[in-house]
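Beneath this line is the structure, given in C-alpha cells, with notes to follow.
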Amino acid sequence: MTAAPTQAEDLVFGLTRLIDLPGLTGGALAAEDIAAIIGEAERFATGILWPASQEADRHGARYENGVVRTPPSYKAAYQAWVEGGWQGLAAPAELNGVELGGQELPQALWMAVSELVTTGDMAFSLCPLLTAGAIEAIARFASPAQQAAWLPPLVRGEWTGTMCLTEPQAGSDLSLVRTRAEPDGAGGYRLHGQKIFITWGEHDLTEDTLHLVLARLPDAPPGTRGISLFAAPKRLPDGRRNALRCGGIEKKLGIHASPTCVMLFEGAEAELVGAPHRGLHAMFAMMNAARLGVGVEGVAQGARALALAETYAAQRIQGGKPIDRHPDVARMLAEIRAITLAGRLLALEAGAALDRARRLGESEARVALLTPIVKGWCTDRGVECASLGIQVHGGMGFVEETGAAQVLRDARIAPIYEGTNGIQALDLVGRKVQRDGGAEMRALLAEVKAADPRLAESVAGLERATAWLLERGVREPAAAEAAATAYLEACGWTLGGWMLARAAAAEPRYAPIAGFYLARLLPRAAARVAEIEAADALLALLPTG
C-alpha cells in the first residue's frame, strides 16, 4: 500500500495545486518557494518544538513574586523563531515609507506554517499567534507614528503582543467592560482595570510586550459603542516599567506552558489606537485573523493525535499482529486522517479567500462566511480526533507518558478561544447567512454541488436548511439560535467533503481517503440537518420567565 502523504506534503499540495498560491501571487511565489518554506517550518516544528513539548508541558509556566517564567526550552526555541524571521512572514514590508521588515507573504502560507508550529507545541505557538494579531490591528488602525514605533520590533519578534478584552464580569459580552482610560493632560491616557485570561500576558522571552486593551473613556456611551482601543507597552520608551503587572497565572486543563495571566493596569501609560469609541471595530480585525488561526489549532491537534496514534498502532502487537491491521483501529485512524485533512484544506481555502480579497480586491464575503465554520468545525473536530487518538492507544493513552492525553488537554481550549463555537454558529446564521439573504452561501453550495455527484445529497440538505433559516429563522430568532450549531456542523461536514473531493480529482493519491470520508463521514451532515428541522424540541426545553 502506498504511504499516505505527510502533513507537510498535504500542505504543499493544498497551497500549490488546490488554492493555486503561485497563481494568486502572480507567479511571485513559485511552487518551489512554497515547498522550501514549508520544509523549513517542518524542520523547526519537528526538530526544535516537538522533542521538548512534553517536558515543557510538565514544567509549565510558573509565577513567582510577580515574575512569570516559561519552560527552559522556550528561550532557545523563541530565539530560533526570531532568527528564522518567522514572525514577519505575512507582515507588511513597509508602511508610509517606513521599512518594517515583514515579507508580505500570503495569509494562507502563514496558516500552513502555523499548523506545523502548533503541531510541534500548541502552548508555544500561541505567543506568535497573538503577536500576529497585534501586527494586523496596528497596521490597519494605528497612526503612522504609532506604526513606525511599534511595528518593526513586533515584526522582528523582539516584542510580543497581547489582546486584552476579558474581565471577570465581561466574557463574551464586552458591553460590560469596566476598564477606564483617563486622559493624562499630555495627549496620552492612563489605564485602570483588571483583565483576565490574557494569553502570554507576561513572560521571560522578550524584554517588551505591547498590550492592546479595550477600555472606556470618561465620556463613553454605554454598551459596546463606548469601547475604545489602547496600546500599553510593558516598558516605556525611556526604559521604565509601565504601571501594569501580572497578578497571577491560571492553573489550566491544558496548554500548561502558555502563561494565561491576570493583568492589572494601575495607571498604565497608554495611547489611543484609532478613533474614540471605535475600539471594538479595531479589535475585531485582530479577532477575525485570530479565529482562522484558532481553527488551524484544531487541525494541528488532529495532526499531532494522528502522528502519535499511527506510530503506536504500527508497533503495538495484539492478537499476533500490529493493531493498525485490526479493522476497528484502522477505522479510527482513518477518521482522524480524513477529518484532519478535510479541516486542513478547508482552512487553506479560507486563507486563500482572505488573500484574494486583500491582494486582488475580491469581495470579503467568502472569507467572512468561511471564518466561523473553520473556527467552529475544525476546533470541535480537533477535540474529537484527540479523543480518538487516546482510544487507539487504549490504556496507554490515558496516562501521560505517551503524550496522547496532552493532545486532548491542549485541544480542548480551542472551541472556547476567540468566541466560543456557539457564538461562531450564531455569527454564521445571523451575520453571514441571514444578512445577505443567503446569497453567498447559495453561491458556495453551487460550487460544492458541481465538484462531485457524491456531494449532492448533503448540498440539498444544506439548501433546505438555509431556506428554513431564511424563512422561520428570520421570523423567530430563537429558532435560528436553536438551529445554529447544527447548521455550522452541517456546513463543516459538507465543505470538508468538498475539499477532499477536489483533492482526489487533482491527485489520485487522495482518492482512497476522500472515498472513505464521503462514504462514512459525510452522512453526518444529514444528521445535523435533521437537528435543524427539530429545533422545536430544543425550544421546548428552554427555561421560561
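Residue names in the C-alpha cells use chain letters A, B, ... in the order shown, residue numbers from 1 in each chain, and ligand numbers from 1 in the order shown.
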Checklist entry - Contacts of Leu151 of chain A at 8 Å or less, counting only C-alpha atoms, minus same-chain residues fewer than 6 places along, as a PyMOL selection string? => result chain A and resi 100+135+138-139
So that I have them on file, write out the residues from the current selection with all heavy atoms, as an mmCIF file, in the first residue's frame.
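So selection.cif came out as:
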data_model
loop_
_atom_site.group_PDB
_atom_site.id
_atom_site.type_symbol
_atom_site.label_atom_id
_atom_site.label_comp_id
_atom_site.auth_asym_id
_atom_site.auth_seq_id
_atom_site.Cartn_x
_atom_site.Cartn_y
_atom_site.Cartn_z
ATOM 1 N N LEU A 100 9.489 47.969 7.675
ATOM 2 C CA LEU A 100 9.044 47.227 8.859
ATOM 3 C C LEU A 100 9.728 45.879 8.993
ATOM 4 O O LEU A 100 9.752 45.300 10.085
ATOM 5 C CB LEU A 100 7.529 47.032 8.813
ATOM 6 C CG LEU A 100 6.679 48.297 8.681
ATOM 7 C CD1 LEU A 100 5.201 47.940 8.620
ATOM 8 C CD2 LEU A 100 6.953 49.262 9.834
ATOM 9 N N ILE A 135 -0.028 42.817 15.198
ATOM 10 C CA ILE A 135 0.506 43.446 13.983
ATOM 11 C C ILE A 135 -0.630 43.812 13.035
ATOM 12 O O ILE A 135 -0.658 44.911 12.463
ATOM 13 C CB ILE A 135 1.508 42.488 13.303
ATOM 14 C CG1 ILE A 135 2.770 42.336 14.170
ATOM 15 C CG2 ILE A 135 1.873 42.985 11.904
ATOM 16 C CD1 ILE A 135 3.705 41.239 13.706
ATOM 17 N N ILE A 138 -2.613 46.916 14.427
ATOM 18 C CA ILE A 138 -1.842 48.159 14.372
ATOM 19 C C ILE A 138 -1.661 48.619 12.929
ATOM 20 O O ILE A 138 -1.771 49.809 12.613
ATOM 21 C CB ILE A 138 -0.478 47.962 15.071
ATOM 22 C CG1 ILE A 138 -0.709 47.765 16.578
ATOM 23 C CG2 ILE A 138 0.438 49.150 14.828
ATOM 24 C CD1 ILE A 138 0.493 47.239 17.310
ATOM 25 N N ALA A 139 -1.394 47.664 12.035
ATOM 26 C CA ALA A 139 -1.207 48.015 10.629
ATOM 27 C C ALA A 139 -2.467 48.620 10.026
ATOM 28 O O ALA A 139 -2.390 49.460 9.126
ATOM 29 C CB ALA A 139 -0.774 46.786 9.836
#
Checklist entry - Which of segment 170-410 of chain A counts as alpha helix (DSSP H) under DSSP, as a PyMOL selection string please? => result chain A and resi 279-315+327-360+365-393+404-410
Applying 9 Å and only C-alpha atoms, which residues near segment 333-346 of chain A remain after dropping the ones on its own chain fewer than 4 positions away? List them as a CSV table (one decimal) with all heavy atoms, in the first residue's frame.
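Now in part11.csv:
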chain,number,residue,atom,x,y,z
A,7,GLN,N,2.1,15.4,6.6
A,7,GLN,CA,1.5,16.7,6.9
A,7,GLN,C,2.0,17.8,6.0
A,7,GLN,O,1.3,18.6,5.4
A,7,GLN,CB,1.7,17.1,8.4
A,7,GLN,CG,1.0,18.4,8.8
A,7,GLN,CD,1.4,18.8,10.2
A,7,GLN,OE1,2.3,18.2,10.8
A,7,GLN,NE2,0.6,19.6,10.8
A,10,ASP,N,0.9,17.4,2.4
A,10,ASP,CA,-0.5,17.8,2.3
A,10,ASP,C,-0.6,19.3,2.1
A,10,ASP,O,-1.3,19.9,1.3
A,10,ASP,CB,-1.3,17.4,3.5
A,10,ASP,CG,-1.7,16.0,3.6
A,10,ASP,OD1,-1.6,15.3,2.5
A,10,ASP,OD2,-2.1,15.5,4.7
A,11,LEU,N,0.2,20.0,2.9
A,11,LEU,CA,0.2,21.5,2.9
A,11,LEU,C,0.7,22.0,1.6
A,11,LEU,O,0.2,23.0,1.0
A,11,LEU,CB,1.0,22.0,4.1
A,11,LEU,CG,0.3,21.8,5.5
A,11,LEU,CD1,1.3,22.1,6.6
A,11,LEU,CD2,-0.9,22.7,5.6
A,14,GLY,N,-1.9,21.4,-1.0
A,14,GLY,CA,-3.1,22.3,-0.9
A,14,GLY,C,-2.7,23.7,-1.3
A,14,GLY,O,-3.5,24.3,-2.0
A,15,LEU,N,-1.5,24.2,-1.0
A,15,LEU,CA,-1.2,25.5,-1.3
A,15,LEU,C,-0.9,25.7,-2.8
A,15,LEU,O,-1.2,26.7,-3.4
A,15,LEU,CB,0.1,25.9,-0.5
A,15,LEU,CG,-0.1,26.1,1.0
A,15,LEU,CD1,1.2,26.2,1.7
A,15,LEU,CD2,-0.9,27.4,1.3
A,18,LEU,N,-4.4,23.1,-5.0
A,18,LEU,CA,-5.8,23.3,-4.8
A,18,LEU,C,-6.2,24.8,-4.8
A,18,LEU,O,-7.1,25.2,-5.4
A,18,LEU,CB,-6.2,22.7,-3.4
A,18,LEU,CG,-6.5,21.2,-3.5
A,18,LEU,CD1,-7.2,20.8,-2.2
A,18,LEU,CD2,-7.3,20.7,-4.7
A,19,ILE,N,-5.4,25.6,-4.0
A,19,ILE,CA,-5.8,27.0,-4.0
A,19,ILE,C,-4.9,27.8,-4.9
A,19,ILE,O,-5.1,29.0,-5.0
A,19,ILE,CB,-5.7,27.6,-2.5
A,19,ILE,CG1,-4.3,27.6,-2.0
A,19,ILE,CG2,-6.6,26.8,-1.6
A,19,ILE,CD1,-4.1,28.3,-0.7
A,112,ALA,N,-0.4,27.8,7.0
A,112,ALA,CA,0.2,26.5,6.9
A,112,ALA,C,1.4,26.4,7.8
A,112,ALA,O,1.6,25.3,8.5
A,112,ALA,CB,0.7,26.3,5.4
A,115,GLU,N,0.2,25.9,11.3
A,115,GLU,CA,-0.3,24.5,11.6
A,115,GLU,C,0.9,23.6,12.0
A,115,GLU,O,0.8,22.9,13.0
A,115,GLU,CB,-1.0,23.9,10.4
A,115,GLU,CG,-1.6,22.5,10.7
A,115,GLU,CD,-2.0,21.7,9.6
A,115,GLU,OE1,-2.5,22.2,8.6
A,115,GLU,OE2,-1.8,20.4,9.6
A,295,GLY,N,-8.8,28.1,14.3
A,295,GLY,CA,-9.3,26.9,13.5
A,295,GLY,C,-8.1,26.0,13.1
A,295,GLY,O,-8.2,24.8,13.2
A,296,VAL,N,-7.0,26.7,12.8
A,296,VAL,CA,-5.8,25.9,12.4
A,296,VAL,C,-5.3,25.1,13.6
A,296,VAL,O,-4.7,24.0,13.5
A,296,VAL,CB,-4.7,26.9,11.9
A,296,VAL,CG1,-3.4,26.2,11.7
A,296,VAL,CG2,-5.2,27.4,10.5
A,298,GLY,N,-7.1,23.6,15.8
A,298,GLY,CA,-7.9,22.4,15.8
A,298,GLY,C,-7.3,21.4,14.9
A,298,GLY,O,-7.2,20.2,15.2
A,299,VAL,N,-7.0,21.8,13.7
A,299,VAL,CA,-6.4,21.0,12.6
A,299,VAL,C,-5.0,20.4,13.2
A,299,VAL,O,-4.7,19.2,13.0
A,299,VAL,CB,-6.1,21.7,11.3
A,299,VAL,CG1,-5.4,20.8,10.3
A,299,VAL,CG2,-7.5,22.2,10.8
A,300,ALA,N,-4.2,21.3,13.8
A,300,ALA,CA,-2.9,20.9,14.2
A,300,ALA,C,-3.0,19.8,15.3
A,300,ALA,O,-2.2,18.9,15.4
A,300,ALA,CB,-2.1,22.1,14.8
A,301,GLN,N,-4.0,19.9,16.2
A,301,GLN,CA,-4.1,18.9,17.2
A,301,GLN,C,-4.6,17.6,16.7
A,301,GLN,O,-4.2,16.5,17.2
A,301,GLN,CB,-5.0,19.4,18.3
A,301,GLN,CG,-4.5,20.6,19.1
A,301,GLN,CD,-3.0,20.4,19.6
A,301,GLN,OE1,-2.8,19.5,20.4
A,301,GLN,NE2,-2.1,21.1,19.0
A,302,GLY,N,-5.4,17.6,15.6
A,302,GLY,CA,-5.7,16.4,14.9
A,302,GLY,C,-4.4,15.8,14.3
A,302,GLY,O,-4.2,14.6,14.3
A,303,ALA,N,-3.6,16.6,13.7
A,303,ALA,CA,-2.3,16.1,13.1
A,303,ALA,C,-1.4,15.5,14.2
A,303,ALA,O,-0.8,14.5,14.0
A,303,ALA,CB,-1.6,17.3,12.4
A,305,ALA,N,-2.4,14.2,17.1
A,305,ALA,CA,-3.0,13.0,17.6
A,305,ALA,C,-2.8,11.9,16.6
A,305,ALA,O,-2.5,10.7,16.9
A,305,ALA,CB,-4.5,13.2,17.7
A,306,LEU,N,-2.9,12.2,15.3
A,306,LEU,CA,-2.7,11.2,14.2
A,306,LEU,C,-1.2,10.6,14.3
A,306,LEU,O,-1.0,9.4,14.2
A,306,LEU,CB,-3.0,11.8,12.9
A,306,LEU,CG,-2.8,10.8,11.7
A,306,LEU,CD1,-3.8,9.7,11.7
A,306,LEU,CD2,-3.0,11.6,10.4
A,309,ALA,N,-0.8,8.4,17.3
A,309,ALA,CA,-1.6,7.2,17.2
A,309,ALA,C,-1.1,6.2,16.1
A,309,ALA,O,-1.1,5.0,16.3
A,309,ALA,CB,-3.1,7.5,16.9
A,310,GLU,N,-0.7,6.7,15.0
A,310,GLU,CA,-0.3,5.9,13.9
A,310,GLU,C,1.0,5.2,14.3
A,310,GLU,O,1.2,4.0,14.0
A,310,GLU,CB,-0.1,6.7,12.6
A,310,GLU,CG,-1.4,7.0,11.9
A,310,GLU,CD,-1.2,7.6,10.5
A,310,GLU,OE1,-0.1,8.3,10.3
A,310,GLU,OE2,-2.0,7.4,9.7
A,313,ALA,N,0.1,2.5,16.9
A,313,ALA,CA,-0.7,1.4,16.4
A,313,ALA,C,0.2,0.5,15.5
A,313,ALA,O,-0.1,-0.7,15.4
A,313,ALA,CB,-1.9,1.9,15.6
A,324,ASP,N,-2.9,-1.7,14.1
A,324,ASP,CA,-3.4,-0.9,12.9
A,324,ASP,C,-3.9,-1.8,11.8
A,324,ASP,O,-4.5,-1.3,10.9
A,324,ASP,CB,-2.3,0.0,12.4
A,324,ASP,CG,-1.1,-0.7,11.8
A,324,ASP,OD1,-1.0,-1.9,11.8
A,324,ASP,OD2,-0.2,0.1,11.3
A,328,ASP,N,-11.2,-2.1,13.3
A,328,ASP,CA,-11.8,-1.0,14.1
A,328,ASP,C,-10.7,0.0,14.4
A,328,ASP,O,-11.0,1.2,14.4
A,328,ASP,CB,-12.4,-1.5,15.4
A,328,ASP,CG,-13.3,-0.4,16.0
A,328,ASP,OD1,-14.2,0.1,15.3
A,328,ASP,OD2,-13.1,0.0,17.2
A,329,VAL,N,-9.5,-0.4,14.7
A,329,VAL,CA,-8.4,0.6,14.9
A,329,VAL,C,-8.1,1.3,13.6
A,329,VAL,O,-7.9,2.5,13.6
A,329,VAL,CB,-7.1,-0.1,15.4
A,329,VAL,CG1,-6.0,0.8,15.5
A,329,VAL,CG2,-7.4,-0.8,16.8
A,350,ALA,N,-10.0,29.0,3.1
A,350,ALA,CA,-10.4,30.3,3.8
A,350,ALA,C,-9.2,31.3,3.7
A,350,ALA,O,-9.4,32.5,3.5
A,350,ALA,CB,-10.8,30.0,5.2
A,351,GLY,N,-8.0,30.8,4.0
A,351,GLY,CA,-6.8,31.7,3.8
A,351,GLY,C,-6.7,32.3,2.4
A,351,GLY,O,-6.4,33.4,2.3
A,370,LEU,N,-16.7,31.7,5.6
A,370,LEU,CA,-15.9,30.5,6.0
A,370,LEU,C,-15.3,30.6,7.3
A,370,LEU,O,-15.0,29.6,8.0
A,370,LEU,CB,-14.8,30.3,4.9
A,370,LEU,CG,-15.2,29.8,3.5
A,370,LEU,CD1,-14.0,29.7,2.6
A,370,LEU,CD2,-15.9,28.5,3.6
A,374,VAL,N,-14.6,27.5,9.8
A,374,VAL,CA,-13.3,27.0,10.1
A,374,VAL,C,-13.0,27.0,11.6
A,374,VAL,O,-12.5,26.0,12.1
A,374,VAL,CB,-12.2,27.8,9.3
A,374,VAL,CG1,-10.8,27.5,9.8
A,374,VAL,CG2,-12.4,27.5,7.8
A,377,TRP,N,-15.9,24.4,13.3
A,377,TRP,CA,-15.9,22.9,12.9
A,377,TRP,C,-14.5,22.3,13.1
A,377,TRP,O,-14.4,21.2,13.7
A,377,TRP,CB,-16.3,22.8,11.5
A,377,TRP,CG,-16.5,21.4,11.0
A,377,TRP,CD1,-17.6,20.6,11.3
A,377,TRP,CD2,-15.6,20.6,10.3
A,377,TRP,NE1,-17.4,19.3,10.8
A,377,TRP,CE2,-16.2,19.3,10.1
A,377,TRP,CE3,-14.4,20.8,9.7
A,377,TRP,CZ2,-15.6,18.3,9.4
A,377,TRP,CZ3,-13.8,19.8,8.9
A,377,TRP,CH2,-14.4,18.5,8.8
A,378,CYS,N,-13.5,23.1,12.8
A,378,CYS,CA,-12.1,22.5,12.9
A,378,CYS,C,-11.7,22.3,14.4
A,378,CYS,O,-11.0,21.3,14.7
A,378,CYS,CB,-11.1,23.4,12.2
A,378,CYS,SG,-11.3,23.3,10.4
A,381,ARG,N,-13.6,19.3,15.8
A,381,ARG,CA,-13.0,18.1,15.2
A,381,ARG,C,-11.6,17.8,15.8
A,381,ARG,O,-11.3,16.6,16.0
A,381,ARG,CB,-12.9,18.2,13.7
A,381,ARG,CG,-14.2,18.4,13.0
A,381,ARG,CD,-15.2,17.3,13.0
A,381,ARG,NE,-15.9,17.0,14.2
A,381,ARG,CZ,-16.9,17.8,14.7
A,381,ARG,NH1,-17.3,18.9,14.0
A,381,ARG,NH2,-17.5,17.5,15.8
A,382,GLY,N,-10.9,18.9,16.2
A,382,GLY,CA,-9.6,18.6,16.8
A,382,GLY,C,-9.8,17.9,18.2
A,382,GLY,O,-9.0,17.0,18.5
A,384,GLU,N,-12.4,16.0,18.9
A,384,GLU,CA,-12.8,14.6,18.6
A,384,GLU,C,-11.6,13.7,18.1
A,384,GLU,O,-11.5,12.6,18.6
A,384,GLU,CB,-13.8,14.7,17.4
A,384,GLU,CG,-14.4,13.4,16.9
A,384,GLU,CD,-15.3,13.5,15.8
A,384,GLU,OE1,-15.9,14.7,15.6
A,384,GLU,OE2,-15.5,12.6,15.0
A,385,CYS,N,-10.7,14.3,17.3
A,385,CYS,CA,-9.6,13.5,16.9
A,385,CYS,C,-8.6,13.2,18.0
A,385,CYS,O,-8.1,12.1,18.1
A,385,CYS,CB,-8.9,14.2,15.8
A,385,CYS,SG,-9.8,14.3,14.2
A,386,ALA,N,-8.4,14.1,18.9
A,386,ALA,CA,-7.6,13.9,20.1
A,386,ALA,C,-8.1,12.8,20.9
A,386,ALA,O,-7.4,11.9,21.5
A,386,ALA,CB,-7.4,15.2,20.9
A,388,LEU,N,-10.1,10.3,19.9
A,388,LEU,CA,-9.9,9.1,19.1
A,388,LEU,C,-8.5,8.6,19.2
A,388,LEU,O,-8.2,7.4,19.3
A,388,LEU,CB,-10.3,9.3,17.6
A,388,LEU,CG,-11.7,9.2,17.3
A,388,LEU,CD1,-11.9,9.7,15.8
A,388,LEU,CD2,-12.3,7.8,17.5
A,389,GLY,N,-7.5,9.6,19.2
A,389,GLY,CA,-6.1,9.2,19.4
A,389,GLY,C,-5.9,8.5,20.7
A,389,GLY,O,-5.1,7.5,20.8
A,392,VAL,N,-7.2,4.9,20.4
A,392,VAL,CA,-6.2,4.0,19.7
A,392,VAL,C,-5.2,3.5,20.6
A,392,VAL,O,-4.8,2.3,20.6
A,392,VAL,CB,-5.6,4.7,18.5
A,392,VAL,CG1,-4.5,3.9,17.9
A,392,VAL,CG2,-6.6,5.0,17.4
A,492,GLY,N,-19.7,22.4,8.0
A,492,GLY,CA,-18.4,21.8,8.1
A,492,GLY,C,-18.2,20.5,7.5
A,492,GLY,O,-17.2,20.2,6.7
A,493,TRP,N,-19.1,19.6,7.8
A,493,TRP,CA,-19.0,18.2,7.2
A,493,TRP,C,-19.1,18.3,5.7
A,493,TRP,O,-18.4,17.5,4.9
A,493,TRP,CB,-20.1,17.3,7.8
A,493,TRP,CG,-19.8,16.9,9.2
A,493,TRP,CD1,-20.5,17.3,10.3
A,493,TRP,CD2,-18.7,16.1,9.6
A,493,TRP,NE1,-19.9,16.7,11.4
A,493,TRP,CE2,-18.9,16.0,11.1
A,493,TRP,CE3,-17.7,15.4,9.0
A,493,TRP,CZ2,-18.0,15.2,11.8
A,493,TRP,CZ3,-16.8,14.6,9.8
A,493,TRP,CH2,-16.9,14.6,11.2
A,495,LEU,N,-18.5,20.9,3.6
A,495,LEU,CA,-17.4,21.6,2.9
A,495,LEU,C,-16.1,20.8,3.1
A,495,LEU,O,-15.2,20.8,2.2
A,495,LEU,CB,-17.2,23.0,3.6
A,495,LEU,CG,-18.3,24.0,3.3
A,495,LEU,CD1,-18.0,25.3,4.0
A,495,LEU,CD2,-18.6,24.2,1.9
A,496,GLY,N,-16.0,20.0,4.2
A,496,GLY,CA,-14.8,19.1,4.3
A,496,GLY,C,-14.9,18.1,3.2
A,496,GLY,O,-13.8,17.8,2.6
A,497,GLY,N,-16.1,17.6,2.9
A,497,GLY,CA,-16.2,16.6,1.7
A,497,GLY,C,-15.8,17.3,0.4
A,497,GLY,O,-15.2,16.6,-0.5
A,498,TRP,N,-16.2,18.5,0.3
A,498,TRP,CA,-15.9,19.3,-1.0
A,498,TRP,C,-14.4,19.4,-1.2
A,498,TRP,O,-13.9,19.1,-2.3
A,498,TRP,CB,-16.6,20.7,-0.8
A,498,TRP,CG,-16.3,21.6,-1.9
A,498,TRP,CD1,-16.4,21.5,-3.3
A,498,TRP,CD2,-15.8,23.0,-1.7
A,498,TRP,NE1,-16.0,22.6,-3.9
A,498,TRP,CE2,-15.7,23.6,-3.0
A,498,TRP,CE3,-15.5,23.8,-0.6
A,498,TRP,CZ2,-15.3,24.9,-3.2
A,498,TRP,CZ3,-15.2,25.1,-0.8
A,498,TRP,CH2,-15.0,25.7,-2.0
A,499,MET,N,-13.7,19.7,-0.1
A,499,MET,CA,-12.2,19.8,-0.2
A,499,MET,C,-11.6,18.5,-0.6
A,499,MET,O,-10.7,18.5,-1.4
A,499,MET,CB,-11.7,20.4,1.1
A,499,MET,CG,-12.1,21.8,1.4
A,499,MET,SD,-11.9,23.1,0.1
A,499,MET,CE,-10.2,23.0,-0.3
A,500,LEU,N,-12.1,17.4,0.0
A,500,LEU,CA,-11.4,16.1,-0.2
A,500,LEU,C,-11.8,15.7,-1.6
A,500,LEU,O,-11.0,15.0,-2.3
A,500,LEU,CB,-11.9,15.1,0.8
A,500,LEU,CG,-11.3,15.3,2.2
A,500,LEU,CD1,-11.8,14.2,3.1
A,500,LEU,CD2,-9.8,15.3,2.1
A,503,ALA,N,-9.4,17.4,-3.8
A,503,ALA,CA,-8.1,16.8,-3.7
A,503,ALA,C,-8.0,15.5,-4.5
A,503,ALA,O,-7.0,15.3,-5.2
A,503,ALA,CB,-7.8,16.6,-2.2
A,513,ILE,N,-8.7,8.2,0.7
A,513,ILE,CA,-9.2,8.8,1.9
A,513,ILE,C,-10.4,9.7,1.6
A,513,ILE,O,-11.3,9.8,2.5
A,513,ILE,CB,-8.0,9.6,2.6
A,513,ILE,CG1,-8.4,10.0,4.0
A,513,ILE,CG2,-7.7,10.9,1.8
A,513,ILE,CD1,-8.4,8.8,4.9
A,514,ALA,N,-10.5,10.3,0.4
A,514,ALA,CA,-11.7,11.0,0.1
A,514,ALA,C,-12.9,10.1,0.0
A,514,ALA,O,-14.0,10.4,0.4
A,514,ALA,CB,-11.5,11.7,-1.3
A,516,PHE,N,-13.3,7.3,1.6
A,516,PHE,CA,-13.7,6.9,3.0
A,516,PHE,C,-14.5,8.0,3.6
A,516,PHE,O,-15.6,7.8,4.2
A,516,PHE,CB,-12.4,6.7,3.8
A,516,PHE,CG,-12.7,6.5,5.3
A,516,PHE,CD1,-13.0,5.2,5.8
A,516,PHE,CD2,-12.7,7.5,6.2
A,516,PHE,CE1,-13.3,5.0,7.1
A,516,PHE,CE2,-12.9,7.3,7.5
A,516,PHE,CZ,-13.2,6.1,8.0
A,517,TYR,N,-14.1,9.3,3.5
A,517,TYR,CA,-14.8,10.4,4.1
A,517,TYR,C,-16.2,10.5,3.5
A,517,TYR,O,-17.2,10.7,4.2
A,517,TYR,CB,-14.0,11.7,3.9
A,517,TYR,CG,-14.6,12.9,4.5
A,517,TYR,CD1,-14.1,13.5,5.7
A,517,TYR,CD2,-15.7,13.6,3.9
A,517,TYR,CE1,-14.7,14.6,6.3
A,517,TYR,CE2,-16.3,14.7,4.5
A,517,TYR,CZ,-15.7,15.2,5.6
A,517,TYR,OH,-16.3,16.3,6.2
A,520,ARG,N,-18.4,7.4,4.6
A,520,ARG,CA,-18.5,7.1,6.0
A,520,ARG,C,-18.8,8.3,6.9
A,520,ARG,O,-19.4,8.2,8.0
A,520,ARG,CB,-17.3,6.3,6.6
A,520,ARG,CG,-17.0,5.1,5.9
A,520,ARG,CD,-17.4,3.8,6.5
A,520,ARG,NE,-17.3,3.8,8.0
A,520,ARG,CZ,-17.0,2.7,8.6
A,520,ARG,NH1,-16.8,1.5,8.0
A,520,ARG,NH2,-17.0,2.7,10.0
A,521,LEU,N,-18.3,9.4,6.6
A,521,LEU,CA,-18.4,10.6,7.4
A,521,LEU,C,-19.3,11.7,6.9
A,521,LEU,O,-20.0,12.4,7.7
A,521,LEU,CB,-17.0,11.2,7.6
A,521,LEU,CG,-15.9,10.3,8.2
A,521,LEU,CD1,-14.6,11.0,8.4
A,521,LEU,CD2,-16.4,9.7,9.6
Item to check | Of the listed residues A:Ala268, A:Val113, A:Ala145, A:Ala61, that which approaches Ala181 of chain A most closely, counting only C-alpha atoms | outcome: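 Under the stated criterion, the closest residue is A:Ala268.
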Write out as a short mmCIF file (atom, residue, chain, number, x, y, z; two decimals) with C-alpha atoms, in the first residue's frame each polymer residue whose atoms come within 12 Å of Ala77 of chain A, counting only C-alpha atoms; drop sequence neighbours fewer than 6 positions from it.
data_model
loop_
_atom_site.label_atom_id
_atom_site.label_comp_id
_atom_site.auth_asym_id
_atom_site.auth_seq_id
_atom_site.Cartn_x
_atom_site.Cartn_y
_atom_site.Cartn_z
CA PHE A 44 11.61 23.97 13.07
CA ALA A 45 8.50 22.23 14.40
CA THR A 46 9.81 18.67 14.46
CA GLY A 47 13.43 19.44 15.31
CA ILE A 48 13.02 22.15 17.96
CA LEU A 49 9.46 22.22 19.32
CA TRP A 50 8.16 18.64 19.29
CA PRO A 51 11.09 16.98 21.17
CA ALA A 52 10.73 19.36 24.12
CA SER A 53 6.94 19.75 24.14
CA ALA A 56 7.53 21.91 28.56
CA THR A 70 8.38 29.82 30.89
CA PRO A 71 9.87 26.32 30.42
CA GLU A 83 16.37 34.30 13.85
CA GLY A 84 14.35 32.44 11.23
CA TRP A 86 9.09 33.62 11.01
CA VAL A 117 4.33 25.06 14.59
CA GLY A 120 5.01 20.89 17.36
CA ASP A 121 3.85 22.65 20.54
CA PHE A 124 4.45 27.83 22.35
CA SER A 125 2.53 28.67 19.18
CA CYS A 127 2.69 33.57 21.56
CA PRO A 128 3.40 34.26 17.86
CA LEU A 205 11.14 35.55 26.29
#
